[in-house]
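J.: So I've got this file, protein_32.cif, and it contains mmCIF, C-alpha atoms and all ligand atoms:
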```cif
data_model
#
loop_
_atom_site.label_atom_id
_atom_site.label_comp_id
_atom_site.auth_asym_id
_atom_site.auth_seq_id
_atom_site.Cartn_x
_atom_site.Cartn_y
_atom_site.Cartn_z
CA MET A 189 -29.49 55.73 66.11
CA THR A 190 -28.68 54.12 62.79
CA PRO A 191 -30.06 56.21 59.95
CA ALA A 192 -32.70 54.46 57.88
CA LEU A 193 -31.23 52.99 54.73
CA LYS A 194 -32.19 54.73 51.56
CA VAL A 195 -34.09 52.61 49.08
CA GLY A 196 -31.62 51.12 46.64
CA THR A 197 -28.65 51.53 48.98
CA CYS A 198 -26.70 48.51 50.15
CA PRO A 199 -25.59 48.49 53.83
CA CYS A 200 -22.03 49.03 52.52
CA GLY A 201 -23.22 52.42 51.29
CA SER A 202 -23.17 51.63 47.57
CA SER A 203 -26.05 52.36 45.28
CA ARG A 204 -27.70 49.21 43.93
CA SER A 205 -29.35 50.95 41.04
CA GLY A 206 -26.42 51.44 38.64
CA ALA A 207 -26.59 48.32 36.49
CA GLY A 208 -23.26 49.07 34.81
CA ASP A 209 -21.08 49.29 37.92
CA ASP A 210 -21.93 45.98 39.52
CA SER A 211 -18.30 44.84 39.65
CA VAL A 212 -17.34 48.11 41.35
CA HIS A 213 -19.98 47.49 44.00
CA ARG A 214 -18.91 43.84 44.39
CA GLU A 215 -15.31 44.82 45.06
CA HIS A 216 -16.27 47.60 47.47
CA HIS A 217 -18.78 45.33 49.21
CA SER A 218 -16.18 42.61 49.69
CA GLU A 219 -13.73 45.11 51.23
CA TRP A 220 -16.47 46.48 53.48
CA ALA A 221 -17.35 42.97 54.66
CA PHE A 222 -13.89 41.36 54.91
CA GLY A 223 -11.39 44.23 54.91
CA ILE A 224 -8.60 45.15 52.53
CA PRO A 225 -5.88 42.55 51.81
CA VAL A 226 -2.68 43.34 53.68
CA PRO A 227 0.21 44.18 51.31
CA LYS A 228 2.90 41.50 51.07
CA ASN A 229 6.11 41.88 53.08
CA THR A 230 4.68 44.29 55.59
CA ALA A 231 5.58 44.00 59.26
CA TRP A 232 2.79 44.10 61.83
CA SER A 233 3.48 44.21 65.51
CA ASN A 234 0.85 42.28 67.38
CA ARG A 235 -1.51 42.66 64.37
CA LEU A 236 -1.30 46.44 64.64
CA VAL A 237 0.33 49.24 62.64
CA VAL A 238 0.39 52.95 63.46
CA VAL A 239 0.42 55.11 60.34
CA THR A 240 1.24 58.82 60.62
CA SER A 241 1.42 61.71 58.18
CA GLN A 242 5.18 60.97 58.11
CA SER A 243 4.88 57.28 57.23
CA PRO A 244 6.01 55.89 53.85
CA ILE A 245 3.52 56.62 51.10
CA ALA A 246 2.49 52.96 50.71
CA TRP A 247 1.15 52.94 54.27
CA ARG A 248 -0.54 56.30 53.88
CA ARG A 249 -2.23 55.17 50.65
CA LEU A 250 -3.40 51.94 52.27
CA THR A 251 -4.87 53.99 55.12
CA GLU A 252 -6.66 56.26 52.67
CA ARG A 253 -8.11 53.19 50.96
CA VAL A 254 -9.39 51.85 54.28
CA GLY A 255 -10.78 55.31 55.11
CA ARG A 256 -12.99 55.16 52.02
CA LEU A 257 -14.96 52.27 53.51
CA PRO A 258 -16.48 54.13 56.50
CA ARG A 259 -16.85 57.19 54.31
CA ARG A 260 -19.03 55.29 51.84
CA GLU A 261 -20.92 53.40 54.54
CA GLY A 262 -21.69 56.53 56.56
CA GLY A 263 -22.24 58.79 53.56
CA TYR A 264 -19.64 61.27 54.85
CA ASP A 265 -18.37 64.12 52.68
CA PHE A 266 -14.70 63.57 53.47
CA ASN A 267 -12.26 60.74 54.03
CA SER A 268 -11.22 60.67 57.70
CA TRP A 269 -7.64 60.14 56.48
CA SER A 270 -6.40 63.05 54.37
CA HIS A 271 -2.68 62.22 54.24
CA GLY A 272 -2.79 59.60 51.48
CA GLY A 273 -0.66 61.51 48.98
CA GLY A 274 2.26 63.88 48.73
CA GLU A 275 5.47 64.01 50.73
CA PRO A 276 5.60 62.82 54.33
CA GLU A 277 4.92 65.81 56.55
CA GLU A 278 4.90 66.51 60.23
CA THR A 279 1.60 67.85 61.51
CA LEU A 280 1.14 69.79 64.73
CA GLU A 281 -2.00 67.79 65.46
CA HIS A 282 -0.20 64.43 64.99
CA PHE A 283 -2.66 62.93 62.55
CA ARG A 284 -2.38 59.14 62.87
CA ALA A 285 -4.27 55.98 62.11
CA TYR A 286 -4.28 52.57 63.77
CA LEU A 287 -4.79 49.62 61.43
CA LEU A 288 -5.64 46.19 62.77
CA GLU A 289 -4.99 43.00 60.81
CA ALA A 290 -6.88 39.70 60.90
CA ASP A 291 -6.86 36.81 58.43
CA GLY A 292 -4.51 38.69 56.10
CA HIS A 293 -6.79 41.73 55.86
CA VAL A 294 -6.99 45.18 57.40
CA VAL A 295 -10.24 44.78 59.34
CA GLY A 296 -10.02 47.64 61.85
CA TYR A 297 -9.30 51.33 61.46
CA LEU A 298 -9.11 54.21 63.91
CA ALA A 299 -8.14 57.71 62.76
CA ALA A 300 -7.14 60.29 65.37
CA HIS A 301 -5.38 63.57 65.97
CA ASP A 302 -4.57 65.75 68.97
CA SER A 303 -7.07 68.44 69.83
CA ASP A 304 -7.44 70.86 72.74
CA ARG A 305 -11.15 71.69 73.12
CA HIS A 306 -13.31 69.12 74.83
CA ARG A 307 -16.42 68.74 76.92
CA TRP A 308 -17.35 65.97 79.35
CA TRP A 309 -20.32 63.77 78.54
CA ASP A 310 -21.73 61.25 81.04
CA LEU A 311 -22.93 59.17 78.06
CA GLY A 312 -26.57 59.55 79.05
CA GLU A 313 -28.71 59.58 75.92
CA ARG A 314 -30.40 62.82 76.96
CA SER A 315 -27.52 64.38 78.90
CA ARG A 316 -25.97 67.64 77.80
CA TYR A 317 -22.25 68.09 77.36
CA GLY A 318 -20.32 69.90 80.12
CA GLU A 319 -18.21 73.06 80.05
CA LEU A 320 -15.58 73.55 77.39
CA VAL A 321 -12.15 72.55 78.72
CA ASP A 322 -8.77 73.32 77.12
CA SER A 323 -6.49 70.31 77.41
CA VAL A 324 -4.64 68.40 74.71
CA ARG A 325 -6.15 64.96 74.17
CA PRO A 326 -6.10 62.37 71.42
CA ARG A 327 -9.36 62.71 69.53
CA ILE A 328 -10.98 59.83 67.68
CA ASP A 329 -11.97 61.05 64.22
CA MET A 330 -13.30 57.69 63.03
CA ILE A 331 -13.52 54.08 64.15
CA TRP A 332 -14.49 51.44 61.66
CA VAL A 333 -14.50 47.64 61.68
CA ALA A 334 -15.11 45.39 58.68
CA GLU A 335 -18.68 44.15 58.83
CA THR A 336 -18.03 40.45 59.45
CA TYR A 337 -15.63 41.29 62.30
CA ARG A 338 -17.99 43.50 64.29
CA GLY A 339 -18.88 42.52 67.83
CA HIS A 340 -15.50 40.86 68.51
CA GLY A 341 -13.77 43.58 70.51
CA ILE A 342 -11.79 45.14 67.65
CA GLY A 343 -13.11 48.63 68.42
CA ARG A 344 -11.97 48.21 72.04
CA THR A 345 -8.54 47.05 70.90
CA LEU A 346 -8.19 50.11 68.67
CA VAL A 347 -9.20 52.62 71.35
CA ASN A 348 -6.83 50.93 73.81
CA ALA A 349 -4.07 51.15 71.20
CA LEU A 350 -4.74 54.88 70.75
CA ALA A 351 -4.59 55.46 74.52
CA ASP A 352 -1.40 53.38 74.96
CA ASP A 353 0.31 55.03 72.03
CA SER A 354 -0.70 58.49 73.29
CA GLY A 355 0.47 57.79 76.84
CA CYS A 356 -2.93 58.27 78.44
CA GLU A 357 -5.82 56.29 79.88
CA VAL A 358 -8.79 55.18 77.80
CA ALA A 359 -10.99 57.64 79.76
CA ASP A 360 -8.73 60.53 78.62
CA VAL A 361 -9.48 59.96 74.94
CA SER A 362 -11.92 62.35 73.26
CA TRP A 363 -14.68 61.15 70.94
CA SER A 364 -15.79 63.23 67.97
CA THR A 365 -19.42 64.24 67.89
CA PRO A 366 -21.98 63.26 66.90
CA VAL A 367 -21.23 59.90 68.55
CA THR A 368 -23.18 57.15 66.79
CA ASP A 369 -25.22 54.68 68.80
CA ARG A 370 -22.60 52.00 68.13
CA GLY A 371 -19.90 54.44 69.25
CA ARG A 372 -21.82 55.23 72.43
CA GLN A 373 -22.08 51.53 73.28
CA LEU A 374 -18.35 51.15 72.73
CA ALA A 375 -17.60 54.23 74.86
CA LEU A 376 -19.87 52.89 77.64
CA SER A 377 -18.04 49.56 77.64
CA LEU A 378 -14.64 51.28 77.86
CA SER A 379 -15.42 54.21 80.16
CA PRO A 380 -18.82 53.68 81.83
CA ASP A 381 -18.75 56.94 83.83
CA GLY A 382 -18.43 59.11 80.76
CA VAL A 383 -16.07 60.34 78.08
CA TRP A 384 -14.65 63.54 76.63
CA VAL A 385 -16.25 64.68 73.40
CA SER A 386 -15.21 67.23 70.84
ZN ZN B 1 -22.84 46.44 49.18
#
```
Give the structure from this file in structure tokens form.

T.:
Amino acid sequence: MTPALKVGTCPCGSSRSGAGDDSVHREHHSEWAFGIPVPKNTAWSNRLVVVTSQSPIAWRRLTERVGRLPRREGGYDFNSWSHGGGEPEETLEHFRAYLLEADGHVVGYLAAHDSDRHRWWDLGERSRYGELVDSVRPRIDMIWVAETYRGHGIGRTLVNALADDSGCEVADVSWSTPVTDRGRQLALSLSPDGVWVS
């Protein structure tokens, strides 16, 4: 279920009340609606880039910038991408992000890492999760699509990219809870019999 919007809050998650920071809201709103312009001279393979905690800093910073958009929209405490600064580092959990480009902008974002505690969920709205199972799976930490690009299969493309890149099937991917209503619809379309959650 989509939480009710607070009075004075734009769908992009910005407050409308602060008269002084209108230009800040305008810029954020435009990025939320159309994505973040792709840096010049960057190579995209089939419109997709995989960024890891070991990628060059420019990519990690771009990913952090994209991660601010779902954070603001959803009112989350933390950015789903926490490897925007510092030296490249290897992480045991293989933190990674999949960025999708369209019309010269980053319009899709999926952040993931490997995790080993999951439960099965048949995706029924009232169903309980199954027994805890230990098995390493890629876990979706966040999926986000720029507002004007929603409903065009970008979420599906990103989850497929995660599964391909991780060497598993789409049904093997784990979804972080709580799964939003939009996330549940996406999961149903990709794996109608159920998904792993964590
Ligand atoms: Zn806005």

J.: Which residues, written as number ranges by chain, have at least one atom at most 10 Å from Val254 (chain A), with all atoms listed in the file counted and residues fewer than 6 positions away on the same chain left out?

T.: A: 219-220, 223-224, 248, 267-269, 287, 294-298, 332-334

J.: Check which residues fall inside 8 Å of ligand ZN 1 (chain B) when counting only C-alpha atoms and all ligand atoms, and print them as a short mmCIF file (atom, residue, chain, number, x, y, z; two decimals) with C-alpha atoms, keeping the file's coordinate frame.

T.:
```cif
data_model
loop_
_atom_site.label_atom_id
_atom_site.label_comp_id
_atom_site.auth_asym_id
_atom_site.auth_seq_id
_atom_site.Cartn_x
_atom_site.Cartn_y
_atom_site.Cartn_z
CA THR A 197 -28.65 51.53 48.98
CA CYS A 198 -26.70 48.51 50.15
CA PRO A 199 -25.59 48.49 53.83
CA CYS A 200 -22.03 49.03 52.52
CA GLY A 201 -23.22 52.42 51.29
CA SER A 202 -23.17 51.63 47.57
CA SER A 203 -26.05 52.36 45.28
CA ARG A 204 -27.70 49.21 43.93
CA HIS A 213 -19.98 47.49 44.00
CA ARG A 214 -18.91 43.84 44.39
CA HIS A 216 -16.27 47.60 47.47
CA HIS A 217 -18.78 45.33 49.21
CA SER A 218 -16.18 42.61 49.69
CA TRP A 220 -16.47 46.48 53.48
#
```

J.: My list of candidates is A:Ala246, A:Trp384, A:Leu288, A:Glu277. Which is closest to Asp322 (chain A) when distances are computed with only C-alpha atoms?

T.: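 Smallest distance to Asp322 (chain A) is found for A:Trp384.
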
J.: Env of Asp381 (chain A): 12 Å cut, atoms = all atoms listed in the file, seq-sep filter 4 positions within chain, self excluded. Answer as a ChimeraX atom specification.

T.: /A:308-312,358-360,372,375-377

J.: Please compute the CA of Glu281 (chain A)-CA of Arg305 (chain A) distance, one decimal, in Å.

T.: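 According to the coordinates, CA of Glu281 (chain A) and CA of Arg305 (chain A) are separated by 12.6 Å.
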